[in-house]
Amino acid sequence: MDVIKGFKNTAIDKINMPSECMRDSDAAWLIDGWALAAFIPALDDKKAAIDKIERKEFKYGQRNRHYLDVYYPPAASALSTPNGKLPVLFFVYGGGYNTGSRRFPEPYEMGYRALGSFFATRGLLTVIPDYRLVPEVQFPSSSEDIRDALLWVAGHAAEVAGAATDSESARTALDPGYVFILGHSAGAAHTLVLHLYPSLRASMVEKTAEVGLRVRGLVLSGSMWYFSVSGESFATGGPVKFYFGGEAEQKEREPRALWAALSEEDVRAFPEVLLMQAEREPDWLKNETREIMEKEIKDKLESVGRELKETYIAAGHNHVSVNWALSTGDKKGEKWGYDVVEWIKARFASS
(Lines give C-alpha, C1' and ligand atoms only; values in the text may rest on other atoms or scores of the structure.)
Protein backbone atom coordinates (compact mmCIF):
# COMPACT_ATOMS: atom_id res chain seq x y z
CA MET A 1 0.00 0.00 0.00
CA ASP A 2 2.96 2.32 0.43
CA VAL A 3 3.19 2.72 -3.33
CA ILE A 4 -0.27 4.34 -3.47
CA LYS A 5 1.09 7.17 -1.35
CA GLY A 6 3.28 8.05 -4.33
CA PHE A 7 0.22 8.96 -6.36
CA LYS A 8 -0.25 12.44 -4.99
CA ASN A 9 -3.02 13.30 -7.41
CA THR A 10 -6.37 11.92 -6.24
CA ALA A 11 -8.34 12.94 -9.37
CA ILE A 12 -9.91 9.79 -10.77
CA ASP A 13 -8.86 10.39 -14.36
CA LYS A 14 -5.26 11.02 -13.26
CA ILE A 15 -4.83 7.80 -11.29
CA ASN A 16 -6.88 5.61 -13.59
CA MET A 17 -5.24 6.62 -16.87
CA PRO A 18 -1.58 6.81 -17.99
CA SER A 19 -1.30 10.55 -17.49
CA GLU A 20 0.83 11.00 -14.40
CA CYS A 21 4.17 9.39 -15.21
CA MET A 22 6.05 8.02 -12.22
CA ARG A 23 9.45 6.36 -12.49
CA ASP A 24 11.56 4.63 -9.90
CA SER A 25 14.67 2.59 -10.53
CA ASP A 26 13.48 -0.04 -8.06
CA ALA A 27 9.90 -0.15 -9.33
CA ALA A 28 9.79 -0.16 -13.11
CA TRP A 29 6.11 -1.09 -13.02
CA LEU A 30 5.25 2.49 -12.05
CA ILE A 31 5.99 3.59 -15.62
CA ASP A 32 2.86 4.96 -17.32
CA GLY A 33 1.46 6.19 -14.04
CA TRP A 34 -1.42 3.73 -13.76
CA ALA A 35 -2.42 3.15 -10.15
CA LEU A 36 -3.62 -0.25 -11.32
CA ALA A 37 -0.13 -1.14 -12.53
CA ALA A 38 1.19 -0.84 -8.99
CA PHE A 39 -0.57 -4.10 -8.11
CA ILE A 40 0.49 -6.22 -11.08
CA PRO A 41 3.65 -7.70 -9.49
CA ALA A 42 1.86 -8.64 -6.25
CA LEU A 43 -1.08 -10.18 -8.08
CA ASP A 44 1.23 -12.10 -10.41
CA ASP A 45 3.02 -13.48 -7.35
CA LYS A 46 -0.31 -14.74 -6.01
CA LYS A 47 -1.59 -16.01 -9.36
CA ALA A 48 -1.56 -19.70 -8.41
CA ALA A 49 -3.64 -19.11 -5.28
CA ILE A 50 -6.02 -16.77 -7.11
CA ASP A 51 -6.51 -19.18 -10.00
CA LYS A 52 -7.20 -22.01 -7.56
CA ILE A 53 -10.67 -20.60 -6.97
CA GLU A 54 -13.03 -22.13 -9.50
CA ARG A 55 -14.64 -19.68 -11.94
CA LYS A 56 -17.45 -20.41 -14.38
CA GLU A 57 -18.98 -18.21 -17.07
CA PHE A 58 -22.73 -17.98 -17.72
CA LYS A 59 -24.87 -16.05 -20.20
CA TYR A 60 -27.74 -14.26 -18.50
CA GLY A 61 -29.30 -12.45 -21.47
CA GLN A 62 -29.33 -12.03 -25.23
CA ARG A 63 -26.88 -9.16 -25.75
CA ASN A 64 -23.15 -9.50 -26.31
CA ARG A 65 -22.33 -8.14 -22.83
CA HIS A 66 -24.85 -10.28 -21.01
CA TYR A 67 -22.30 -12.60 -19.44
CA LEU A 68 -21.29 -13.10 -15.83
CA ASP A 69 -18.58 -14.94 -13.92
CA VAL A 70 -19.27 -17.00 -10.80
CA TYR A 71 -16.51 -17.67 -8.26
CA TYR A 72 -17.13 -20.71 -6.07
CA PRO A 73 -16.01 -20.72 -2.44
CA PRO A 74 -13.93 -23.67 -1.26
CA ALA A 75 -15.96 -26.12 0.78
CA ALA A 76 -13.57 -25.64 3.68
CA SER A 77 -14.35 -21.91 4.01
CA ALA A 78 -17.90 -21.64 2.63
CA LEU A 79 -20.26 -19.53 4.71
CA SER A 80 -23.79 -20.64 5.47
CA THR A 81 -26.95 -18.55 5.66
CA PRO A 82 -29.63 -19.28 8.28
CA ASN A 83 -31.17 -21.47 5.54
CA GLY A 84 -28.02 -23.61 5.37
CA LYS A 85 -27.09 -22.35 1.91
CA LEU A 86 -24.37 -20.22 0.31
CA PRO A 87 -24.73 -16.43 0.54
CA VAL A 88 -24.23 -14.56 -2.72
CA LEU A 89 -22.20 -11.40 -3.35
CA PHE A 90 -22.62 -9.48 -6.61
CA PHE A 91 -19.81 -7.10 -7.55
CA VAL A 92 -20.81 -4.29 -9.93
CA TYR A 93 -17.69 -2.61 -11.26
CA GLY A 94 -17.39 1.01 -12.31
CA GLY A 95 -15.70 2.67 -15.26
CA GLY A 96 -17.21 6.08 -15.81
CA TYR A 97 -20.34 4.65 -17.50
CA ASN A 98 -18.47 3.97 -20.76
CA THR A 99 -15.73 1.50 -19.77
CA GLY A 100 -15.35 -1.60 -17.64
CA SER A 101 -15.27 -5.36 -17.97
CA ARG A 102 -15.37 -8.37 -15.70
CA ARG A 103 -12.23 -9.58 -17.49
CA PHE A 104 -9.39 -7.21 -18.36
CA PRO A 105 -6.75 -7.84 -21.04
CA GLU A 106 -3.13 -8.49 -20.10
CA PRO A 107 -1.32 -7.34 -18.04
CA TYR A 108 -4.38 -6.42 -15.96
CA GLU A 109 -6.26 -9.70 -16.29
CA MET A 110 -5.82 -10.58 -12.60
CA GLY A 111 -7.74 -7.52 -11.38
CA TYR A 112 -11.36 -8.60 -10.91
CA ARG A 113 -10.25 -12.23 -11.00
CA ALA A 114 -8.42 -11.46 -7.77
CA LEU A 115 -11.44 -9.67 -6.28
CA GLY A 116 -13.77 -12.55 -7.09
CA SER A 117 -11.31 -15.04 -5.65
CA PHE A 118 -10.83 -12.96 -2.49
CA PHE A 119 -14.50 -12.94 -1.55
CA ALA A 120 -15.04 -16.55 -2.64
CA THR A 121 -12.09 -17.65 -0.49
CA ARG A 122 -13.87 -16.05 2.44
CA GLY A 123 -17.01 -18.04 1.89
CA LEU A 124 -19.20 -16.02 -0.48
CA LEU A 125 -20.37 -17.27 -3.85
CA THR A 126 -19.27 -14.24 -5.83
CA VAL A 127 -20.80 -13.04 -9.09
CA ILE A 128 -19.35 -10.41 -11.44
CA PRO A 129 -21.63 -9.49 -14.34
CA ASP A 130 -20.86 -7.44 -17.39
CA TYR A 131 -23.46 -4.87 -18.40
CA ARG A 132 -23.99 -2.60 -21.38
CA LEU A 133 -22.14 0.71 -21.50
CA VAL A 134 -22.22 4.11 -23.17
CA PRO A 135 -22.57 4.64 -26.12
CA GLU A 136 -24.53 1.42 -26.65
CA VAL A 137 -27.16 2.35 -24.08
CA GLN A 138 -28.71 5.22 -22.15
CA PHE A 139 -30.50 5.49 -18.80
CA PRO A 140 -31.57 3.16 -17.21
CA SER A 141 -30.32 0.23 -19.35
CA SER A 142 -27.19 -0.54 -17.34
CA SER A 143 -29.26 -0.90 -14.17
CA GLU A 144 -31.73 -3.08 -16.06
CA ASP A 145 -28.87 -5.40 -17.01
CA ILE A 146 -27.78 -5.67 -13.38
CA ARG A 147 -31.37 -6.45 -12.41
CA ASP A 148 -31.54 -9.15 -15.08
CA ALA A 149 -28.27 -10.69 -13.89
CA LEU A 150 -29.58 -10.81 -10.32
CA LEU A 151 -32.84 -12.41 -11.41
CA TRP A 152 -31.07 -14.88 -13.69
CA VAL A 153 -28.78 -16.15 -10.94
CA ALA A 154 -31.68 -16.43 -8.48
CA GLY A 155 -33.83 -18.21 -11.06
CA HIS A 156 -31.02 -20.57 -12.04
CA ALA A 157 -29.69 -21.22 -8.55
CA ALA A 158 -29.56 -24.99 -9.00
CA GLU A 159 -27.82 -24.69 -12.38
CA VAL A 160 -25.21 -22.29 -11.01
CA ALA A 161 -24.49 -24.35 -7.92
CA GLY A 162 -24.39 -27.57 -9.93
CA ALA A 163 -21.86 -26.21 -12.41
CA ALA A 164 -19.01 -26.42 -9.90
CA THR A 165 -16.68 -29.25 -10.88
CA ASP A 166 -13.57 -28.69 -8.79
CA SER A 167 -13.29 -31.21 -5.98
CA GLU A 168 -12.49 -28.45 -3.49
CA SER A 169 -15.40 -26.18 -4.42
CA ALA A 170 -18.46 -26.01 -2.21
CA ARG A 171 -21.38 -27.99 -3.63
CA THR A 172 -23.91 -26.34 -1.34
CA ALA A 173 -26.99 -24.75 -2.91
CA LEU A 174 -26.84 -20.99 -3.20
CA ASP A 175 -29.34 -18.88 -1.30
CA PRO A 176 -31.18 -16.28 -3.46
CA GLY A 177 -32.72 -14.98 -0.25
CA TYR A 178 -29.32 -13.77 0.97
CA VAL A 179 -27.87 -11.65 -1.81
CA PHE A 180 -25.58 -8.68 -1.25
CA ILE A 181 -24.32 -6.16 -3.79
CA LEU A 182 -20.96 -4.42 -3.71
CA GLY A 183 -21.04 -1.56 -6.21
CA HIS A 184 -18.03 0.59 -6.99
CA SER A 185 -18.08 4.09 -8.49
CA ALA A 186 -20.40 4.07 -11.54
CA GLY A 187 -21.36 0.53 -10.56
CA ALA A 188 -22.58 1.84 -7.22
CA ALA A 189 -24.61 4.51 -9.00
CA HIS A 190 -26.20 1.87 -11.25
CA THR A 191 -26.95 -0.21 -8.16
CA LEU A 192 -28.63 2.75 -6.51
CA VAL A 193 -30.69 3.53 -9.60
CA LEU A 194 -31.86 -0.09 -9.68
CA HIS A 195 -33.17 0.21 -6.12
CA LEU A 196 -34.45 3.79 -6.36
CA TYR A 197 -35.88 4.47 -9.84
CA PRO A 198 -39.64 3.82 -9.63
CA SER A 199 -40.07 1.59 -12.69
CA LEU A 200 -37.01 -0.51 -11.86
CA ARG A 201 -37.96 -0.80 -8.21
CA ALA A 202 -41.44 -1.93 -9.25
CA SER A 203 -40.04 -4.53 -11.64
CA MET A 204 -37.78 -5.87 -8.89
CA VAL A 205 -40.70 -6.19 -6.49
CA GLU A 206 -42.78 -7.93 -9.15
CA LYS A 207 -40.14 -10.43 -10.24
CA THR A 208 -38.15 -11.18 -7.09
CA ALA A 209 -40.96 -13.16 -5.49
CA GLU A 210 -41.01 -15.52 -8.47
CA VAL A 211 -37.38 -16.57 -7.95
CA GLY A 212 -37.03 -16.01 -4.20
CA LEU A 213 -34.57 -13.15 -4.62
CA ARG A 214 -33.95 -10.85 -1.69
CA VAL A 215 -31.16 -8.29 -1.71
CA ARG A 216 -30.21 -7.95 1.95
CA GLY A 217 -27.51 -5.30 1.76
CA LEU A 218 -25.78 -2.77 -0.47
CA VAL A 219 -22.12 -1.85 -0.05
CA LEU A 220 -21.73 1.42 -1.94
CA SER A 221 -18.07 2.18 -2.60
CA GLY A 222 -17.09 5.57 -4.01
CA SER A 223 -20.58 6.24 -5.33
CA MET A 224 -21.73 9.51 -6.88
CA TRP A 225 -25.03 10.79 -5.57
CA TYR A 226 -25.35 13.86 -7.78
CA PHE A 227 -23.54 15.25 -10.81
CA SER A 228 -23.56 19.02 -10.40
CA VAL A 229 -20.02 19.29 -9.05
CA SER A 230 -18.22 22.62 -9.26
CA GLY A 231 -15.14 22.45 -11.46
CA GLU A 232 -15.79 18.92 -12.74
CA SER A 233 -16.48 18.80 -16.48
CA PHE A 234 -18.02 15.32 -16.37
CA ALA A 235 -21.10 16.81 -14.71
CA THR A 236 -22.51 18.32 -17.88
CA GLY A 237 -20.75 16.43 -20.66
CA GLY A 238 -19.21 13.18 -21.76
CA PRO A 239 -20.55 9.77 -20.71
CA VAL A 240 -22.64 11.18 -17.83
CA LYS A 241 -24.56 13.45 -20.17
CA PHE A 242 -24.92 10.72 -22.79
CA TYR A 243 -26.27 8.24 -20.24
CA PHE A 244 -28.29 10.36 -17.82
CA GLY A 245 -29.27 13.17 -20.21
CA GLY A 246 -28.94 16.93 -19.91
CA GLU A 247 -28.78 18.91 -16.69
CA ALA A 248 -32.53 18.85 -16.07
CA GLU A 249 -32.76 15.09 -16.65
CA GLN A 250 -29.72 14.46 -14.48
CA LYS A 251 -31.33 16.28 -11.57
CA GLU A 252 -34.37 14.01 -11.88
CA ARG A 253 -32.41 10.78 -12.34
CA GLU A 254 -29.42 11.15 -10.03
CA PRO A 255 -29.47 8.96 -6.89
CA ARG A 256 -29.89 11.94 -4.56
CA ALA A 257 -33.20 12.98 -6.14
CA LEU A 258 -34.44 9.39 -6.37
CA TRP A 259 -33.64 8.81 -2.69
CA ALA A 260 -35.47 11.98 -1.69
CA ALA A 261 -38.57 10.81 -3.53
CA LEU A 262 -38.86 7.49 -1.65
CA SER A 263 -41.97 6.99 0.43
CA GLU A 264 -41.75 5.84 4.06
CA GLU A 265 -42.89 2.39 2.96
CA ASP A 266 -40.10 2.23 0.39
CA VAL A 267 -37.52 3.32 2.96
CA ARG A 268 -38.62 0.61 5.37
CA ALA A 269 -38.19 -2.01 2.64
CA PHE A 270 -34.86 -0.68 1.40
CA PRO A 271 -31.85 -3.03 1.84
CA GLU A 272 -29.35 -2.26 4.56
CA VAL A 273 -26.61 0.11 3.41
CA LEU A 274 -22.90 0.39 4.09
CA LEU A 275 -21.45 3.58 2.65
CA MET A 276 -17.77 3.25 1.85
CA GLN A 277 -15.05 5.58 0.62
CA ALA A 278 -11.35 5.35 -0.03
CA GLU A 279 -9.33 7.56 2.31
CA ARG A 280 -7.84 9.35 -0.68
CA GLU A 281 -10.96 9.98 -2.71
CA PRO A 282 -11.10 13.34 -4.51
CA ASP A 283 -12.49 16.07 -2.25
CA TRP A 284 -15.69 16.53 -4.24
CA LEU A 285 -16.59 12.87 -3.77
CA LYS A 286 -15.83 13.01 -0.04
CA ASN A 287 -18.12 16.00 0.25
CA GLU A 288 -20.97 14.26 -1.55
CA THR A 289 -21.00 11.22 0.70
CA ARG A 290 -19.67 12.46 4.02
CA GLU A 291 -21.14 15.92 4.33
CA ILE A 292 -24.36 15.82 2.33
CA MET A 293 -25.73 12.42 1.45
CA GLU A 294 -24.84 10.72 4.69
CA LYS A 295 -27.06 13.18 6.56
CA GLU A 296 -29.90 12.89 4.06
CA ILE A 297 -29.78 9.12 4.12
CA LYS A 298 -29.63 9.08 7.91
CA ASP A 299 -32.54 11.49 8.27
CA LYS A 300 -34.78 9.43 6.01
CA LEU A 301 -33.83 6.14 7.63
CA GLU A 302 -34.23 7.52 11.14
CA SER A 303 -37.70 8.80 10.23
CA VAL A 304 -38.81 5.16 9.98
CA GLY A 305 -36.75 3.90 12.92
CA ARG A 306 -33.73 2.65 10.97
CA GLU A 307 -30.07 3.50 11.44
CA LEU A 308 -27.05 4.09 9.23
CA LYS A 309 -23.52 3.68 10.52
CA GLU A 310 -20.80 6.18 9.75
CA THR A 311 -19.17 5.98 6.33
CA TYR A 312 -16.54 3.25 6.23
CA ILE A 313 -13.14 4.61 5.19
CA ALA A 314 -10.78 2.27 3.34
CA ALA A 315 -7.49 3.42 4.87
CA GLY A 316 -4.64 4.29 2.55
CA HIS A 317 -6.60 3.74 -0.64
CA ASN A 318 -7.45 5.98 -3.55
CA HIS A 319 -10.53 5.62 -5.74
CA VAL A 320 -9.19 2.80 -7.92
CA SER A 321 -6.81 0.95 -5.59
CA VAL A 322 -9.48 -0.51 -3.30
CA ASN A 323 -10.47 -3.33 -5.61
CA TRP A 324 -6.99 -4.12 -6.89
CA ALA A 325 -5.40 -4.65 -3.47
CA LEU A 326 -7.50 -7.73 -2.78
CA SER A 327 -5.67 -11.07 -2.93
CA THR A 328 -2.27 -9.35 -2.90
CA GLY A 329 -1.58 -10.50 0.65
CA ASP A 330 -1.18 -6.90 1.83
CA LYS A 331 -3.21 -6.96 5.04
CA LYS A 332 -3.62 -3.19 5.18
CA GLY A 333 -4.78 -3.06 1.58
CA GLU A 334 -7.14 -5.99 2.06
CA LYS A 335 -8.60 -4.86 5.39
CA TRP A 336 -11.68 -3.27 3.87
CA GLY A 337 -12.51 -6.58 2.15
CA TYR A 338 -12.32 -8.49 5.43
CA ASP A 339 -14.50 -5.85 7.08
CA VAL A 340 -17.12 -6.07 4.32
CA VAL A 341 -17.29 -9.84 4.81
CA GLU A 342 -17.85 -9.30 8.54
CA TRP A 343 -20.57 -6.74 7.79
CA ILE A 344 -22.29 -9.27 5.55
CA LYS A 345 -22.01 -12.02 8.16
CA ALA A 346 -23.57 -9.71 10.74
CA ARG A 347 -26.60 -9.39 8.47
CA PHE A 348 -27.19 -13.15 8.89
CA ALA A 349 -27.51 -12.71 12.64
CA SER A 350 -29.82 -9.69 12.35
CA SER A 351 -32.20 -11.19 9.79
# chains A, B, ... in the order shown; residues from 1 in each chain; ligands from 1

call {"tool": "select_by_dssp", "arguments": {"residues": "stretch 115-334 of chain A", "states": "strand (DSSP E or B)", "output": "ChimeraX atom specification"}}
result
/A:125-129,169,174-184,215-221,272-280,312-318

call {"tool": "residues_around", "arguments": {"residues": "stretch 162-164 of chain A", "least_positions_apart": "2", "cutoff": "10 Å", "atoms": "only C-alpha atoms", "output": "list in words"}}
result
Glu54, Arg55, Lys56, Glu57, Phe58, Val70, Tyr71, Tyr72, Pro73, His156, Ala157, Ala158, Glu159, Val160, Asp166, Ser167, Glu168, Ser169, Ala170, Arg171, Thr172, Ala173 and Leu174 of chain A

call {"tool": "select_by_dssp", "arguments": {"residues": "stretch 174-310 of chain A", "states": "helix (DSSP H, G or I)", "output": "ChimeraX atom specification"}}
result
/A:186-196,198-211,233-235,238-244,247-253,255-260,264-269,283-302

call {"tool": "residues_around", "arguments": {"residues": "stretch 179-194 of chain A", "least_positions_apart": "4", "cutoff": "8 Å", "atoms": "only C-alpha atoms", "output": "PDB file with N, CA and C atoms, in the first residue's frame"}}
result
ATOM      1  N   PRO A  87     -24.374 -17.814   0.825  1.00  0.00           N
ATOM      2  CA  PRO A  87     -24.728 -16.429   0.540  1.00  0.00           C
ATOM      3  C   PRO A  87     -24.083 -15.988  -0.770  1.00  0.00           C
ATOM      4  N   VAL A  88     -24.680 -15.005  -1.405  1.00  0.00           N
ATOM      5  CA  VAL A  88     -24.230 -14.556  -2.723  1.00  0.00           C
ATOM      6  C   VAL A  88     -23.827 -13.092  -2.658  1.00  0.00           C
ATOM      7  N   LEU A  89     -22.659 -12.783  -3.226  1.00  0.00           N
ATOM      8  CA  LEU A  89     -22.199 -11.403  -3.350  1.00  0.00           C
ATOM      9  C   LEU A  89     -22.055 -11.058  -4.825  1.00  0.00           C
ATOM     10  N   PHE A  90     -22.780 -10.024  -5.257  1.00  0.00           N
ATOM     11  CA  PHE A  90     -22.619  -9.478  -6.605  1.00  0.00           C
ATOM     12  C   PHE A  90     -21.655  -8.303  -6.527  1.00  0.00           C
ATOM     13  N   PHE A  91     -20.672  -8.273  -7.416  1.00  0.00           N
ATOM     14  CA  PHE A  91     -19.811  -7.100  -7.549  1.00  0.00           C
ATOM     15  C   PHE A  91     -20.142  -6.398  -8.850  1.00  0.00           C
ATOM     16  N   VAL A  92     -20.502  -5.108  -8.753  1.00  0.00           N
ATOM     17  CA  VAL A  92     -20.815  -4.295  -9.927  1.00  0.00           C
ATOM     18  C   VAL A  92     -19.698  -3.263 -10.085  1.00  0.00           C
ATOM     19  N   TYR A  93     -18.846  -3.479 -11.062  1.00  0.00           N
ATOM     20  CA  TYR A  93     -17.695  -2.606 -11.260  1.00  0.00           C
ATOM     21  C   TYR A  93     -18.103  -1.254 -11.833  1.00  0.00           C
ATOM     22  N   GLY A  94     -17.186  -0.294 -11.713  1.00  0.00           N
ATOM     23  CA  GLY A  94     -17.386   1.014 -12.315  1.00  0.00           C
ATOM     24  C   GLY A  94     -16.588   1.158 -13.602  1.00  0.00           C
ATOM     25  N   GLY A  95     -16.425   2.409 -14.018  1.00  0.00           N
ATOM     26  CA  GLY A  95     -15.700   2.666 -15.257  1.00  0.00           C
ATOM     27  C   GLY A  95     -16.191   3.910 -15.971  1.00  0.00           C
ATOM     28  N   GLY A  96     -16.795   4.817 -15.200  1.00  0.00           N
ATOM     29  CA  GLY A  96     -17.210   6.085 -15.806  1.00  0.00           C
ATOM     30  C   GLY A  96     -18.370   5.961 -16.767  1.00  0.00           C
ATOM     31  N   TYR A  97     -19.151   4.886 -16.687  1.00  0.00           N
ATOM     32  CA  TYR A  97     -20.342   4.647 -17.500  1.00  0.00           C
ATOM     33  C   TYR A  97     -20.040   4.205 -18.926  1.00  0.00           C
ATOM     34  N   PRO A 140     -32.249   3.817 -18.331  1.00  0.00           N
ATOM     35  CA  PRO A 140     -31.566   3.164 -17.210  1.00  0.00           C
ATOM     36  C   PRO A 140     -31.045   1.768 -17.569  1.00  0.00           C
ATOM     37  N   SER A 142     -28.232   0.154 -18.092  1.00  0.00           N
ATOM     38  CA  SER A 142     -27.189  -0.544 -17.338  1.00  0.00           C
ATOM     39  C   SER A 142     -27.757  -1.143 -16.054  1.00  0.00           C
ATOM     40  N   SER A 143     -28.610  -0.386 -15.386  1.00  0.00           N
ATOM     41  CA  SER A 143     -29.256  -0.897 -14.173  1.00  0.00           C
ATOM     42  C   SER A 143     -30.217  -2.043 -14.499  1.00  0.00           C
ATOM     43  N   GLU A 144     -30.860  -1.969 -15.650  1.00  0.00           N
ATOM     44  CA  GLU A 144     -31.727  -3.076 -16.065  1.00  0.00           C
ATOM     45  C   GLU A 144     -30.922  -4.353 -16.250  1.00  0.00           C
ATOM     46  N   ILE A 146     -28.145  -5.160 -14.703  1.00  0.00           N
ATOM     47  CA  ILE A 146     -27.784  -5.667 -13.376  1.00  0.00           C
ATOM     48  C   ILE A 146     -28.975  -6.378 -12.745  1.00  0.00           C
ATOM     49  N   ARG A 147     -30.147  -5.788 -12.891  1.00  0.00           N
ATOM     50  CA  ARG A 147     -31.374  -6.454 -12.409  1.00  0.00           C
ATOM     51  C   ARG A 147     -31.530  -7.826 -13.050  1.00  0.00           C
ATOM     52  N   ASP A 175     -28.135 -19.399  -1.950  1.00  0.00           N
ATOM     53  CA  ASP A 175     -29.342 -18.876  -1.301  1.00  0.00           C
ATOM     54  C   ASP A 175     -29.751 -17.546  -1.933  1.00  0.00           C
ATOM     55  N   LEU A 200     -37.908   0.606 -12.146  1.00  0.00           N
ATOM     56  CA  LEU A 200     -37.007  -0.508 -11.859  1.00  0.00           C
ATOM     57  C   LEU A 200     -37.325  -1.130 -10.510  1.00  0.00           C
ATOM     58  N   ARG A 201     -37.606  -0.292  -9.533  1.00  0.00           N
ATOM     59  CA  ARG A 201     -37.959  -0.803  -8.212  1.00  0.00           C
ATOM     60  C   ARG A 201     -39.226  -1.654  -8.301  1.00  0.00           C
ATOM     61  N   LEU A 213     -35.694 -14.066  -4.785  1.00  0.00           N
ATOM     62  CA  LEU A 213     -34.566 -13.145  -4.620  1.00  0.00           C
ATOM     63  C   LEU A 213     -34.853 -12.112  -3.531  1.00  0.00           C
ATOM     64  N   ARG A 214     -33.896 -11.944  -2.651  1.00  0.00           N
ATOM     65  CA  ARG A 214     -33.953 -10.846  -1.691  1.00  0.00           C
ATOM     66  C   ARG A 214     -32.561 -10.253  -1.535  1.00  0.00           C
ATOM     67  N   VAL A 215     -32.432  -8.993  -1.890  1.00  0.00           N
ATOM     68  CA  VAL A 215     -31.164  -8.287  -1.709  1.00  0.00           C
ATOM     69  C   VAL A 215     -31.145  -7.756  -0.287  1.00  0.00           C
ATOM     70  N   ARG A 216     -30.245  -8.284   0.524  1.00  0.00           N
ATOM     71  CA  ARG A 216     -30.210  -7.952   1.947  1.00  0.00           C
ATOM     72  C   ARG A 216     -29.399  -6.704   2.254  1.00  0.00           C
ATOM     73  N   GLY A 217     -28.369  -6.427   1.432  1.00  0.00           N
ATOM     74  CA  GLY A 217     -27.513  -5.304   1.760  1.00  0.00           C
ATOM     75  C   GLY A 217     -26.783  -4.758   0.551  1.00  0.00           C
ATOM     76  N   LEU A 218     -26.528  -3.459   0.575  1.00  0.00           N
ATOM     77  CA  LEU A 218     -25.777  -2.768  -0.471  1.00  0.00           C
ATOM     78  C   LEU A 218     -24.524  -2.157   0.140  1.00  0.00           C
ATOM     79  N   VAL A 219     -23.380  -2.496  -0.419  1.00  0.00           N
ATOM     80  CA  VAL A 219     -22.123  -1.853  -0.046  1.00  0.00           C
ATOM     81  C   VAL A 219     -21.790  -0.894  -1.186  1.00  0.00           C
ATOM     82  N   LEU A 220     -21.874   0.396  -0.903  1.00  0.00           N
ATOM     83  CA  LEU A 220     -21.734   1.420  -1.943  1.00  0.00           C
ATOM     84  C   LEU A 220     -20.379   2.094  -1.800  1.00  0.00           C
ATOM     85  N   SER A 221     -19.466   1.733  -2.679  1.00  0.00           N
ATOM     86  CA  SER A 221     -18.073   2.180  -2.596  1.00  0.00           C
ATOM     87  C   SER A 221     -17.802   3.279  -3.614  1.00  0.00           C
ATOM     88  N   GLY A 222     -17.446   4.459  -3.125  1.00  0.00           N
ATOM     89  CA  GLY A 222     -17.092   5.565  -4.013  1.00  0.00           C
ATOM     90  C   GLY A 222     -18.206   5.965  -4.956  1.00  0.00           C
ATOM     91  N   SER A 223     -19.428   5.947  -4.471  1.00  0.00           N
ATOM     92  CA  SER A 223     -20.578   6.237  -5.333  1.00  0.00           C
ATOM     93  C   SER A 223     -20.843   7.726  -5.460  1.00  0.00           C
ATOM     94  N   MET A 224     -21.249   8.143  -6.663  1.00  0.00           N
ATOM     95  CA  MET A 224     -21.733   9.506  -6.881  1.00  0.00           C
ATOM     96  C   MET A 224     -23.225   9.540  -6.574  1.00  0.00           C
ATOM     97  N   TRP A 225     -23.617  10.614  -5.885  1.00  0.00           N
ATOM     98  CA  TRP A 225     -25.026  10.795  -5.569  1.00  0.00           C
ATOM     99  C   TRP A 225     -25.660  11.915  -6.377  1.00  0.00           C
ATOM    100  N   ARG A 253     -32.817  12.185 -12.310  1.00  0.00           N
ATOM    101  CA  ARG A 253     -32.411  10.778 -12.338  1.00  0.00           C
ATOM    102  C   ARG A 253     -31.263  10.439 -11.402  1.00  0.00           C
ATOM    103  N   GLU A 254     -30.572  11.429 -10.885  1.00  0.00           N
ATOM    104  CA  GLU A 254     -29.422  11.149 -10.031  1.00  0.00           C
ATOM    105  C   GLU A 254     -29.894  10.512  -8.723  1.00  0.00           C
ATOM    106  N   PRO A 255     -29.055   9.669  -8.103  1.00  0.00           N
ATOM    107  CA  PRO A 255     -29.473   8.961  -6.892  1.00  0.00           C
ATOM    108  C   PRO A 255     -30.001   9.856  -5.777  1.00  0.00           C
ATOM    109  N   LEU A 258     -33.634  10.609  -6.470  1.00  0.00           N
ATOM    110  CA  LEU A 258     -34.436   9.394  -6.370  1.00  0.00           C
ATOM    111  C   LEU A 258     -34.613   8.973  -4.913  1.00  0.00           C
ATOM    112  N   ILE A 344     -21.328  -8.363   6.156  1.00  0.00           N
ATOM    113  CA  ILE A 344     -22.295  -9.268   5.548  1.00  0.00           C
ATOM    114  C   ILE A 344     -22.701 -10.364   6.532  1.00  0.00           C
TER     115      ILE A 344
END
